[in-house]
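Trainee: Structure supplied as entry-v2.cif; contents: mmCIF, C-alpha atoms and all ligand atoms.
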data_final
loop_
_atom_site.label_atom_id
_atom_site.label_comp_id
_atom_site.auth_asym_id
_atom_site.auth_seq_id
_atom_site.Cartn_x
_atom_site.Cartn_y
_atom_site.Cartn_z
CA MET A 1 4.52 -0.03 34.58
CA LYS A 2 6.48 -2.02 32.02
CA LEU A 3 6.40 -0.32 28.62
CA LYS A 4 5.89 -2.74 25.77
CA ILE A 5 4.65 -2.32 22.23
CA VAL A 6 1.33 -4.01 21.41
CA LYS A 7 1.68 -7.40 19.68
CA GLY A 8 1.44 -7.16 15.89
CA THR A 9 2.27 -3.44 15.81
CA ARG A 10 5.63 -1.76 15.27
CA ASP A 11 7.32 1.59 15.28
CA LEU A 12 8.62 2.70 11.93
CA TYR A 13 11.76 4.80 11.87
CA GLY A 14 15.16 5.03 10.17
CA ASP A 15 15.45 2.96 6.98
CA ASP A 16 11.95 1.51 7.35
CA VAL A 17 10.41 4.95 7.12
CA LYS A 18 12.67 5.81 4.18
CA ARG A 19 11.46 2.70 2.39
CA PHE A 20 7.81 3.58 3.07
CA GLN A 21 8.34 7.15 1.85
CA TYR A 22 10.08 5.95 -1.28
CA ILE A 23 7.27 3.54 -2.16
CA GLU A 24 4.57 6.12 -1.39
CA GLU A 25 6.33 8.73 -3.49
CA LYS A 26 6.53 6.39 -6.49
CA ALA A 27 2.89 5.39 -6.03
CA ARG A 28 1.79 9.04 -5.96
CA GLN A 29 3.71 9.67 -9.17
CA VAL A 30 2.10 6.75 -11.00
CA PHE A 31 -1.41 7.45 -9.67
CA SER A 32 -1.25 11.07 -10.74
CA VAL A 33 -0.22 10.07 -14.27
CA TYR A 34 -3.40 7.97 -14.45
CA GLY A 35 -5.60 10.75 -13.05
CA TYR A 36 -6.18 9.35 -9.54
CA GLN A 37 -6.86 11.76 -6.67
CA GLU A 38 -5.95 11.10 -3.07
CA ILE A 39 -8.76 10.41 -0.60
CA ARG A 40 -8.33 10.29 3.20
CA THR A 41 -11.01 8.52 5.17
CA PRO A 42 -11.36 7.99 8.95
CA ILE A 43 -9.46 5.28 10.79
CA PHE A 44 -12.70 3.97 12.30
CA GLU A 45 -16.22 3.51 11.00
CA LYS A 46 -19.45 1.94 12.17
CA THR A 47 -18.89 -1.81 12.36
CA GLU A 48 -21.92 -2.45 10.14
CA LEU A 49 -20.17 -0.78 7.19
CA PHE A 50 -17.64 -3.62 7.04
CA ALA A 51 -20.09 -6.30 8.18
CA HIS A 52 -22.43 -5.54 5.26
CA GLY A 53 -19.80 -4.71 2.66
CA VAL A 54 -16.93 -7.13 3.29
CA GLY A 55 -19.35 -9.80 4.53
CA GLU A 56 -20.36 -11.29 7.90
CA GLY A 57 -19.04 -14.70 6.90
CA THR A 58 -15.51 -13.55 5.98
CA ASP A 59 -12.51 -14.01 8.28
CA ILE A 60 -11.88 -10.26 8.17
CA VAL A 61 -15.29 -9.43 9.63
CA GLY A 62 -15.95 -12.61 11.59
CA LYS A 63 -12.62 -12.99 13.34
CA GLU A 64 -10.24 -10.15 12.69
CA MET A 65 -11.85 -6.77 13.36
CA PHE A 66 -10.69 -4.57 16.22
CA LEU A 67 -13.99 -3.49 17.72
CA LEU A 68 -14.73 -0.72 20.15
CA GLU A 69 -17.80 0.72 21.71
CA ASP A 70 -18.23 4.45 21.79
CA ARG A 71 -19.63 6.19 24.87
CA ARG A 72 -23.18 5.64 23.65
CA GLY A 73 -22.63 1.92 23.21
CA ARG A 74 -22.44 2.00 19.40
CA SER A 75 -20.15 -0.55 17.79
CA MET A 76 -17.20 0.88 15.87
CA ALA A 77 -14.41 -0.91 14.04
CA LEU A 78 -10.86 0.11 13.28
CA ARG A 79 -10.84 -0.16 9.52
CA PRO A 80 -9.65 -3.57 8.31
CA GLU A 81 -9.55 -2.37 4.68
CA GLY A 82 -10.25 0.71 2.60
CA THR A 83 -12.71 -0.19 -0.17
CA ALA A 84 -15.92 -0.20 1.89
CA GLN A 85 -14.90 3.17 3.32
CA VAL A 86 -14.15 4.82 0.00
CA VAL A 87 -17.50 3.59 -1.33
CA ARG A 88 -19.18 4.96 1.82
CA SER A 89 -17.48 8.28 1.21
CA VAL A 90 -18.55 8.42 -2.46
CA ILE A 91 -22.14 7.72 -1.39
CA THR A 92 -22.33 10.00 1.67
CA ASN A 93 -20.70 12.89 -0.20
CA ASN A 94 -22.92 12.29 -3.21
CA MET A 95 -19.89 12.33 -5.46
CA MET A 96 -21.41 10.44 -8.39
CA ARG A 97 -24.03 13.17 -8.84
CA GLN A 98 -21.64 15.36 -10.77
CA ASN A 99 -19.35 12.66 -12.14
CA ASN A 100 -19.93 9.61 -14.25
CA HIS A 101 -16.58 8.20 -13.24
CA LEU A 102 -14.11 8.81 -10.43
CA ARG A 103 -10.64 7.62 -9.52
CA PHE A 104 -9.18 7.62 -6.01
CA TYR A 105 -6.08 6.39 -4.26
CA TYR A 106 -5.27 6.16 -0.57
CA PHE A 107 -2.48 5.25 1.83
CA GLY A 108 -2.87 4.36 5.44
CA PRO A 109 -2.96 1.95 8.33
CA MET A 110 -5.45 -0.93 8.45
CA PHE A 111 -6.13 -3.23 11.38
CA ARG A 112 -6.73 -6.97 11.46
CA TYR A 113 -6.46 -9.28 14.43
CA GLU A 114 -4.31 -11.92 12.73
CA GLN A 115 -1.46 -14.06 14.03
CA PRO A 116 1.61 -11.88 13.45
CA GLN A 117 4.48 -13.27 11.38
CA LYS A 118 6.91 -12.04 8.72
CA GLY A 119 4.92 -9.63 6.52
CA ARG A 120 1.79 -9.94 8.63
CA PHE A 121 0.87 -7.40 11.28
CA ARG A 122 -2.16 -6.34 13.25
CA GLN A 123 -1.58 -2.77 12.20
CA PHE A 124 -0.36 -2.81 8.62
CA TYR A 125 -0.32 -0.29 5.80
CA GLN A 126 -2.01 -0.35 2.43
CA ILE A 127 -1.76 1.62 -0.77
CA GLY A 128 -5.09 1.34 -2.52
CA ALA A 129 -6.81 2.53 -5.69
CA GLU A 130 -10.50 2.50 -6.59
CA TYR A 131 -12.06 3.32 -9.96
CA PHE A 132 -15.81 4.04 -10.07
CA GLY A 133 -18.31 4.19 -12.90
CA VAL A 134 -16.80 2.10 -15.70
CA SER A 135 -18.20 -1.37 -16.29
CA THR A 136 -16.12 -2.35 -19.33
CA PRO A 137 -12.82 -4.24 -19.02
CA ASP A 138 -10.94 -1.03 -19.87
CA ALA A 139 -11.11 -0.19 -16.16
CA ASP A 140 -9.77 -3.63 -15.19
CA LEU A 141 -6.95 -3.21 -17.68
CA GLU A 142 -6.15 0.27 -16.37
CA LEU A 143 -5.66 -0.96 -12.80
CA ILE A 144 -3.45 -3.80 -13.91
CA LEU A 145 -1.38 -1.43 -16.04
CA ILE A 146 -1.01 0.89 -13.04
CA LEU A 147 0.28 -2.04 -11.01
CA ARG A 148 2.71 -3.04 -13.74
CA GLN A 149 4.01 0.52 -14.06
CA PHE A 150 4.29 0.97 -10.32
CA PHE A 151 6.27 -2.26 -9.90
CA LYS A 152 8.57 -1.14 -12.69
CA GLU A 153 9.08 2.22 -10.94
CA ILE A 154 10.06 0.58 -7.67
CA GLN A 155 12.17 -1.92 -9.62
CA LEU A 156 10.28 -4.97 -8.49
CA HIS A 157 10.60 -7.48 -11.26
CA GLU A 158 9.93 -10.85 -9.67
CA ILE A 159 6.22 -10.34 -9.38
CA SER A 160 3.50 -12.57 -10.78
CA PHE A 161 -0.07 -11.58 -11.61
CA GLN A 162 -2.82 -14.09 -11.15
CA LEU A 163 -6.27 -13.52 -12.48
CA ASN A 164 -9.68 -15.13 -12.28
CA THR A 165 -13.34 -14.36 -12.69
CA ILE A 166 -15.78 -15.23 -9.95
CA GLY A 167 -18.90 -14.31 -11.93
CA CYS A 168 -21.81 -12.23 -10.73
CA GLN A 169 -24.91 -12.64 -8.58
CA LYS A 170 -27.26 -13.49 -11.48
CA SER A 171 -28.94 -16.84 -10.84
CA ASP A 172 -27.31 -18.52 -13.85
CA CYS A 173 -23.85 -17.33 -12.81
CA ARG A 174 -22.10 -17.63 -9.42
CA PRO A 175 -25.14 -19.03 -7.53
CA ALA A 176 -25.43 -21.76 -10.20
CA TYR A 177 -21.70 -22.46 -9.96
CA LYS A 178 -21.88 -22.60 -6.18
CA ASN A 179 -24.60 -25.27 -6.39
CA LYS A 180 -22.53 -27.25 -8.87
CA LEU A 181 -19.48 -26.97 -6.64
CA ILE A 182 -21.37 -27.97 -3.48
CA GLU A 183 -22.73 -31.02 -5.30
CA PHE A 184 -19.20 -31.98 -6.31
CA LEU A 185 -17.76 -31.34 -2.83
CA GLN A 186 -20.49 -33.39 -1.20
CA ASP A 187 -19.27 -36.41 -3.13
CA HIS A 188 -15.75 -35.87 -1.71
CA VAL A 189 -16.55 -34.57 1.75
CA ASP A 190 -14.54 -37.33 3.45
CA SER A 191 -11.36 -36.08 1.82
CA LEU A 192 -11.82 -32.43 2.85
CA CYS A 193 -10.20 -30.87 5.92
CA GLU A 194 -12.47 -30.14 8.86
CA ASN A 195 -12.58 -26.42 8.13
CA CYS A 196 -13.64 -27.01 4.53
CA SER A 197 -16.23 -29.64 5.31
CA ASN A 198 -17.78 -27.12 7.72
CA ARG A 199 -17.76 -24.18 5.29
CA MET A 200 -18.54 -25.99 2.03
CA HIS A 201 -22.27 -25.13 2.20
CA ASP A 202 -21.99 -21.47 3.23
CA ASN A 203 -18.81 -20.60 1.43
CA PRO A 204 -17.89 -23.29 -1.09
CA LEU A 205 -15.60 -20.99 -3.11
CA ARG A 206 -13.18 -20.72 -0.19
CA VAL A 207 -12.62 -24.48 -0.39
CA LEU A 208 -10.89 -23.77 -3.71
CA ASP A 209 -8.14 -21.74 -2.06
CA CYS A 210 -7.59 -24.03 0.94
CA LYS A 211 -3.90 -24.89 1.28
CA ASN A 212 -4.54 -28.37 2.71
CA GLU A 213 -3.06 -30.98 0.35
CA SER A 214 -6.03 -33.27 0.35
CA CYS A 215 -8.42 -30.35 -0.34
CA ILE A 216 -6.15 -29.28 -3.21
CA ALA A 217 -6.31 -32.82 -4.62
CA VAL A 218 -10.11 -32.83 -4.42
CA THR A 219 -10.62 -29.37 -5.92
CA SER A 220 -8.26 -29.93 -8.85
CA GLU A 221 -11.02 -32.11 -10.29
CA ALA A 222 -13.81 -29.66 -9.38
CA PRO A 223 -15.82 -27.81 -12.07
CA LYS A 224 -14.02 -24.60 -13.03
CA ILE A 225 -15.76 -21.30 -12.44
CA HIS A 226 -14.72 -19.57 -15.66
CA ASP A 227 -16.33 -22.40 -17.65
CA THR A 228 -19.59 -21.95 -15.75
CA VAL A 229 -20.17 -18.18 -15.39
CA CYS A 230 -22.88 -16.36 -17.40
CA SER A 231 -22.12 -15.14 -20.91
CA ASP A 232 -21.73 -11.52 -19.79
CA CYS A 233 -19.06 -12.45 -17.21
CA LYS A 234 -17.39 -14.85 -19.64
CA ASP A 235 -17.17 -12.16 -22.35
CA HIS A 236 -15.87 -9.62 -19.84
CA PHE A 237 -13.11 -11.97 -18.75
CA SER A 238 -12.05 -13.04 -22.22
CA GLU A 239 -12.04 -9.44 -23.45
CA LEU A 240 -9.82 -8.49 -20.51
CA CYS A 241 -7.44 -11.37 -21.24
CA HIS A 242 -7.19 -10.24 -24.88
CA MET A 243 -6.47 -6.68 -23.82
CA LEU A 244 -3.79 -7.85 -21.40
CA ASP A 245 -2.18 -9.93 -24.16
CA ASP A 246 -2.35 -6.92 -26.43
CA HIS A 247 -0.49 -4.86 -23.82
CA GLN A 248 2.00 -7.68 -23.26
CA VAL A 249 1.10 -8.05 -19.62
CA SER A 250 2.21 -11.41 -18.29
CA TYR A 251 -0.34 -13.08 -16.07
CA SER A 252 -1.73 -16.50 -15.34
CA VAL A 253 -5.33 -17.54 -14.86
CA ASN A 254 -5.77 -19.25 -11.50
CA PHE A 255 -9.14 -20.91 -11.03
CA ARG A 256 -8.43 -21.18 -7.28
CA LEU A 257 -8.23 -17.42 -6.84
CA VAL A 258 -11.46 -16.39 -5.10
CA ARG A 259 -10.37 -13.66 -2.61
CA GLY A 260 -11.51 -13.46 0.98
CA LEU A 261 -13.95 -10.53 0.74
CA ASP A 262 -17.60 -10.96 -0.26
CA TYR A 263 -18.04 -7.84 -2.37
CA TYR A 264 -16.23 -9.08 -5.46
CA SER A 265 -17.82 -9.89 -8.79
CA LYS A 266 -16.30 -10.77 -12.18
CA THR A 267 -12.55 -10.02 -12.26
CA VAL A 268 -10.36 -10.79 -9.26
CA PHE A 269 -6.58 -10.64 -9.21
CA GLU A 270 -3.63 -10.97 -6.92
CA VAL A 271 0.04 -10.08 -7.15
CA PHE A 272 2.56 -12.48 -5.67
CA SER A 273 6.26 -12.46 -4.94
CA ASP A 274 8.25 -15.60 -4.16
CA ASN A 275 10.62 -13.48 -2.08
CA LEU A 276 8.03 -12.80 0.62
CA GLY A 277 7.92 -16.18 2.32
CA ALA A 278 4.60 -17.56 3.53
CA GLN A 279 2.77 -14.22 3.22
CA ASN A 280 3.49 -13.97 -0.49
CA ALA A 281 0.58 -11.76 -1.61
CA ALA A 282 1.93 -8.28 -2.26
CA GLY A 283 -1.55 -7.07 -3.16
CA GLY A 284 -4.92 -7.96 -4.51
CA GLY A 285 -8.12 -6.57 -5.86
CA GLY A 286 -11.01 -6.97 -8.20
CA ARG A 287 -14.33 -5.72 -9.44
CA TYR A 288 -17.16 -5.01 -7.01
CA ASP A 289 -20.06 -3.93 -9.19
CA GLY A 290 -22.65 -4.80 -6.52
CA LEU A 291 -21.28 -2.96 -3.48
CA PHE A 292 -23.10 0.35 -3.96
CA GLU A 293 -26.38 -1.54 -4.17
CA ILE A 294 -25.60 -3.44 -0.97
CA TYR A 295 -25.37 -0.04 0.73
CA GLY A 296 -28.75 0.98 -0.73
CA ALA A 297 -27.29 3.34 -3.35
CA LYS A 298 -27.72 3.42 -7.13
CA VAL A 299 -25.57 0.81 -8.87
CA VAL A 300 -22.07 2.02 -9.72
CA PRO A 301 -19.66 -0.43 -11.34
CA ALA A 302 -16.31 -0.34 -9.56
CA ILE A 303 -12.91 -1.96 -9.39
CA GLY A 304 -9.82 -1.50 -7.26
CA PHE A 305 -6.82 -2.99 -5.57
CA ALA A 306 -4.76 -2.66 -2.42
CA LEU A 307 -1.07 -3.35 -1.92
CA GLY A 308 0.54 -4.29 1.37
CA LEU A 309 3.08 -1.55 2.01
CA ASP A 310 4.82 -3.54 4.77
CA ARG A 311 5.36 -6.36 2.29
CA LEU A 312 6.55 -4.09 -0.52
CA ALA A 313 9.03 -2.56 1.92
CA LEU A 314 10.54 -6.01 2.43
CA LEU A 315 11.16 -6.26 -1.31
CA THR A 316 12.54 -2.84 -2.19
CA SER A 317 15.63 -0.88 -1.46
CA PRO A 318 15.28 2.78 -2.38
CA GLU A 319 17.82 4.27 -4.74
CA LYS A 320 20.22 6.18 -2.54
CA LYS A 321 19.66 9.80 -3.44
CA GLU A 322 22.75 11.91 -2.72
CA GLN A 323 21.43 14.68 -0.53
CA LYS A 324 24.12 17.27 -0.03
CA SER A 325 24.19 18.52 3.53
CA VAL A 326 26.47 20.91 5.39
CA PHE A 327 27.59 20.93 9.03
CA VAL A 328 28.51 24.15 10.85
CA VAL A 329 31.24 23.98 13.50
CA GLY A 330 32.39 26.90 15.61
CA THR A 331 33.29 28.35 18.96
CA ASP A 332 30.57 30.98 19.19
CA ARG A 333 27.16 29.39 19.78
CA GLY A 334 25.19 32.45 18.61
CA ALA A 335 27.13 32.79 15.36
CA VAL A 336 26.83 29.06 14.63
CA CYS A 337 23.05 29.11 15.20
CA LYS A 338 22.67 32.17 12.99
CA LEU A 339 24.56 30.61 10.09
CA VAL A 340 22.60 27.35 10.48
CA ALA A 341 19.32 29.29 10.37
CA THR A 342 20.41 31.25 7.28
CA CYS A 343 21.35 28.05 5.44
CA ARG A 344 18.09 26.33 6.34
CA GLU A 345 16.02 29.33 5.25
CA GLU A 346 17.72 28.96 1.87
CA ASP A 347 16.83 25.23 1.71
CA ILE A 348 20.36 24.03 2.38
CA ILE A 349 20.27 20.91 4.54
CA CYS A 350 22.26 21.99 7.56
CA GLN A 351 23.25 20.42 10.89
CA TYR A 352 25.32 21.48 13.90
CA ASP A 353 26.20 20.20 17.35
CA PRO A 354 23.48 21.43 19.72
CA PHE A 355 25.76 20.76 22.71
CA GLN A 356 28.62 22.88 21.34
CA SER A 357 31.30 20.38 22.38
CA SER A 358 34.98 20.89 21.59
CA MET A 359 35.94 21.73 17.99
CA LYS A 360 37.48 18.25 17.70
CA SER A 361 34.24 16.59 18.73
CA GLN A 362 32.22 18.86 16.42
CA PHE A 363 34.40 17.77 13.49
CA ARG A 364 33.90 14.13 14.48
CA GLN A 365 30.15 14.63 14.38
CA ALA A 366 30.36 16.43 11.05
CA ASN A 367 32.22 13.44 9.65
CA LYS A 368 29.71 10.98 11.06
CA SER A 369 26.79 12.94 9.62
CA GLY A 370 28.16 12.34 6.10
CA ALA A 371 28.29 16.09 5.48
CA TRP A 372 29.29 17.25 2.03
CA LYS A 373 30.93 20.42 3.34
CA VAL A 374 31.82 21.68 6.81
CA LEU A 375 31.47 25.39 7.49
CA ILE A 376 34.06 26.48 10.03
CA LEU A 377 33.43 29.55 12.16
CA GLY A 378 36.67 29.79 14.19
CA GLU A 379 37.82 32.85 16.12
CA GLU A 380 39.76 34.21 13.15
CA GLU A 381 36.95 33.68 10.71
CA LEU A 382 34.53 35.45 13.02
CA LYS A 383 36.81 38.41 13.37
CA ALA A 384 37.18 38.69 9.59
CA LYS A 385 33.45 38.00 8.98
CA GLN A 386 34.43 34.97 6.93
CA VAL A 387 33.79 31.22 6.86
CA SER A 388 36.22 28.44 5.99
CA VAL A 389 34.42 25.90 3.82
CA LYS A 390 35.98 22.44 3.94
CA ASP A 391 35.08 19.94 1.24
CA MET A 392 34.77 16.59 2.98
CA GLN A 393 35.60 14.63 -0.16
CA ASP A 394 38.96 16.12 -1.11
CA GLY A 395 39.76 17.91 2.18
CA GLN A 396 40.30 21.24 0.39
CA GLN A 397 39.48 24.37 2.33
CA THR A 398 38.28 27.69 0.84
CA VAL A 399 37.70 30.95 2.67
CA VAL A 400 34.44 32.70 1.76
CA GLU A 401 32.89 35.95 3.00
CA LEU A 402 30.15 35.19 5.54
CA SER A 403 27.63 37.21 3.54
CA ALA A 404 28.44 35.23 0.37
CA VAL A 405 28.53 31.71 1.77
CA VAL A 406 24.95 30.73 0.86
CA GLY A 407 25.48 31.81 -2.75
CA TYR A 408 28.78 29.91 -2.81
CA LEU A 409 27.13 26.72 -1.51
CA LYS A 410 24.25 26.94 -3.95
CA LYS A 411 26.64 27.37 -6.85
CA SER A 412 28.71 24.39 -5.70
CA VAL A 413 25.58 22.19 -5.34
CA ALA A 414 24.65 23.00 -8.91
CA ASN A 415 28.09 21.95 -10.20
P1 LIG A 501 -6.71 -7.74 0.80
O1 LIG A 501 -6.27 -8.82 -0.13
O2 LIG A 501 -7.43 -8.13 2.02
O3 LIG A 501 -7.58 -6.76 -0.07
O4 LIG A 501 -5.45 -6.87 1.22
C1 LIG A 501 -4.57 -6.33 0.25
C2 LIG A 501 -3.13 -6.53 0.67
O5 LIG A 501 -2.92 -6.01 1.98
C3 LIG A 501 -2.69 -7.99 0.79
O6 LIG A 501 -2.37 -8.54 -0.46
C4 LIG A 501 -1.47 -7.86 1.68
O7 LIG A 501 -0.33 -7.48 0.90
C5 LIG A 501 -1.84 -6.71 2.59
N1 LIG A 501 -2.26 -7.25 3.89
C6 LIG A 501 -3.45 -7.77 4.24
N2 LIG A 501 -3.45 -8.15 5.53
C7 LIG A 501 -2.24 -7.86 6.02
C8 LIG A 501 -1.60 -8.00 7.30
N3 LIG A 501 -2.24 -8.49 8.36
N4 LIG A 501 -0.31 -7.58 7.45
C9 LIG A 501 0.37 -7.06 6.39
N5 LIG A 501 -0.20 -6.89 5.16
C10 LIG A 501 -1.47 -7.29 4.98
C11 LIG A 501 -8.20 -5.63 0.41
O8 LIG A 501 -7.97 -5.13 1.48
C12 LIG A 501 -9.14 -5.01 -0.58
N6 LIG A 501 -9.72 -3.81 0.03
C13 LIG A 501 -8.44 -4.68 -1.88
C14 LIG A 501 -9.32 -4.01 -2.88
C15 LIG A 501 -9.36 -2.70 -3.17
N7 LIG A 501 -10.22 -4.61 -3.62
C16 LIG A 501 -10.83 -3.71 -4.37
N8 LIG A 501 -10.32 -2.54 -4.09
#
Mind turning the file's structure into structure tokens?
Mentor:
Amino acid sequence: MKLKIVKGTRDLYGDDVKRFQYIEEKARQVFSVYGYQEIRTPIFEKTELFAHGVGEGTDIVGKEMFLLEDRRGRSMALRPEGTAQVVRSVITNNMMRQNNHLRFYYFGPMFRYEQPQKGRFRQFYQIGAEYFGVSTPDADLELILILRQFFKEIQLHEISFQLNTIGCQKSDCRPAYKNKLIEFLQDHVDSLCENCSNRMHDNPLRVLDCKNESCIAVTSEAPKIHDTVCSDCKDHFSELCHMLDDHQVSYSVNFRLVRGLDYYSKTVFEVFSDNLGAQNAAGGGGRYDGLFEIYGAKVVPAIGFALGLDRLALLTSPEKKEQKSVFVVGTDRGAVCKLVATCREEDIICQYDPFQSSMKSQFRQANKSGAWKVLILGEEELKAKQVSVKDMQDGQQTVVELSAVVGYLKKSVAN
């Protein structure tokens, strides 16, 4: 059997894991400041959850889900995203009964059968946030402020926010716009790419974000959605824009931004970085006031976002935190192990050579490990119940009583 990793997946270790941990840690910090609680949902759900919520006609559901059948023949899907799941969890656990608003965040792997490339995997990781119960633009603003603060924390400055409204399901809003758009597209169908001429009736909004040059040329003249949405959606969007201006958030309104998931209504947004290459969306989100109703529950207005952790990891380099570690070298295996254990119990980061090679080789390893101090337990030291502590920066050596060495190290760390 030839061992090979599955296409589109990867093992994370070394610096990659450090980068993930760094980003997750900063995200936790920011989320907790804003009152968000962590939620952990299963890796797989019934396929219908995503089919109904994200939408049968979307690429995610139609082409990209990893499906499996359980032993009773029921269709399950590895989660392609987190929003539908968190909503499912709020409904099945009846969480809105005692709360009129709720805030959650989550981290974890998602699965989409896409063509792998830089920043695009079949198993990828998201950091997501969902805010339930608030219909006013305050909630939209809050999520965008979280994003701004988080990017500042991870020192990501070359990020651009794009914003749009895609209206709601009321007949004079998105459905009316869709009809207007289809009418317009019909007049230009010969200039559209094959994909767009096929989908223009079922999913005309997606024609707006097609990257084909001739489709872009056609749709630049198309009626704009934010001029056509109902007055409620229009007011919501302009109030949000005012609030963002008030908070000095820089953003641009992009009428082509429609998002690839069906549950959105009103505000949608995406965060881009030019340093990511072709897969330049670092994250995206929006309002989904109709999703609870789709699942047969009482209406709960909601908004959220998800960030691609794999992509953020390409953009960040964690600050190097100096972690002071010690390395114990010695001739007596038992004594070395005992001192290592004592240090570790006292939260001192401590390593040793598990193979107990020659003293010379142990020193080499200590050097390679980047140790701050080396604790030497030679024959003489053992006899005298002492340890020689060598500072690896200035080479100075101090003899300390074995029983006092932990206290000595702790005092030196503090200095
Ligand atoms: P999404 O735009 O599908 O939204 O995904 C969010 C982010 O996940 C993307 O911007 C991208 O950074 C990352 N991402 C997506 N697919 C891949 C992939 N194959 N490889 C690497 N990264 C990827 C959602 O998933 C919504 N649930 C966001 C949301 C939350 N809306 C409301 N609440």
Trainee: Do you know which residues are within 6 Å of ligand LIG 501 (chain A) using all atoms listed in the file? Can you write them as a VMD selection string?
Mentor: chain A and resid 81 to 83 112 114 119 to 122 124 126 128 130 281 to 286 303 to 308 310 to 311
Trainee: As a PyMOL selection string, please: the residues near Gly62 in chain A (cut-off 9 Å, all atoms listed in the file, same-chain neighbours under 6 positions excluded).
Mentor: chain A and resi 51+55-56
Trainee: If we count all atoms listed in the file, what is near Asp391 in chain A at a cut-off of 6 Å, once residues fewer than 4 positions away on the same chain are taken out, given as a list in words?
Mentor: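 In the requested form, the answer reads Lys373, Gly395 and Gln396 of chain A.
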Trainee: Can you list, as a list in words, every protein, DNA or RNA residue that comes within 12 Å of Ser231 in chain A when you count only C-alpha atoms, leaving out same-chain residues fewer than 2 positions away?
Mentor: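 That gives Gly167, Cys168, Lys170, Asp172, Cys173, Arg174, His226, Asp227, Thr228, Val229, Cys233, Lys234, Asp235, His236, Phe237, Ser238, Glu239 and Lys266 of chain A.
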Trainee: Find the residues near Lys410 in chain A: any atom within 10 Å, counting all atoms listed in the file, skip ones fewer than 6 places away on the same chain, and give them as a list in words.
Mentor: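 The contact residues come out as Cys343, Glu346, Asp347 and Ile348 of chain A.
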Trainee: Emit the selected residues as a CSV table (one decimal), keeping the file's coordinate frame, including C-alpha atoms.
Mentor:
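Written out: selection_8.csv:
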chain,number,residue,atom,x,y,z
A,343,CYS,CA,21.4,28.0,5.4
A,346,GLU,CA,17.7,29.0,1.9
A,347,ASP,CA,16.8,25.2,1.7
A,348,ILE,CA,20.4,24.0,2.4
Trainee: Could you state the separation of CA of Glu401 in chain A and CA of Ala384 in chain A in Å, given to one decimal place?
Mentor: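 Taking CA of Glu401 in chain A and CA of Ala384 in chain A, their separation equals 8.3 Å.
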Trainee: Just the residues within 9 Å of Pro223 in chain A, please, counting all atoms listed in the file, with nothing from its chain fewer than 5 positions along; format it as a ChimeraX atom specification.
Mentor: /A:177,180-181,184,228
Trainee: Deliver the residues from the most recent selection as a file, using C-alpha atoms, as a short mmCIF file (atom, residue, chain, number, x, y, z; two decimals), in the frame of the given file.
Mentor:
data_model
loop_
_atom_site.label_atom_id
_atom_site.label_comp_id
_atom_site.auth_asym_id
_atom_site.auth_seq_id
_atom_site.Cartn_x
_atom_site.Cartn_y
_atom_site.Cartn_z
CA TYR A 177 -21.70 -22.46 -9.96
CA LYS A 180 -22.53 -27.25 -8.87
CA LEU A 181 -19.48 -26.97 -6.64
CA PHE A 184 -19.20 -31.98 -6.31
CA THR A 228 -19.59 -21.95 -15.75
#
Trainee: Of the candidates A:Ser160, A:Phe66, A:Ala335, A:Ser325, which one gets nearest to Ala366 in chain A if we count all atoms listed in the file?
Mentor: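 Answer, going by the shortest atom-to-atom distance: A:Ser325.
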Trainee: Considering all atoms listed in the file, state which residue in the set A:Ser220, A:Asn93, A:Gln248, A:Gln162 is at the smallest distance from Leu145 in chain A.
Mentor: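 The shortest atom-to-atom distance to Leu145 in chain A comes from A:Gln248.
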Trainee: Given only C-alpha atoms as the basis, pick out the residue of A:Val328, A:Leu315, A:Thr165, A:Ala222 nearest to Val258 in chain A.
Mentor: A:Thr165
Trainee: Go through A:Leu12, A:Leu409, A:Ala313, A:Cys215 one by one, measure the shortest atom-to-atom distance of each to Arg344 in chain A using all atoms listed in the file, and give the residue with the smallest value.
Mentor: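 Once distances to Arg344 in chain A are computed over all atoms listed in the file, the minimum belongs to A:Leu409.
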Trainee: Measuring atom to atom with only C-alpha atoms, identify which of A:Ser75, A:Gln351, A:Gln29, A:Gln362 is nearest to Ile154 in chain A.
Mentor: A:Gln29
Trainee: Tell me, in Å to one decimal, how far CA of Ala217 in chain A is from CA of Tyr264 in chain A.
Mentor: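 It comes out at 25.7 Å.
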Trainee: Restricting the calculation to only C-alpha atoms: of A:Glu24, A:Gln98, A:Phe255, A:Leu261, which residue gets closest to Ile60 in chain A?
Mentor: A:Leu261
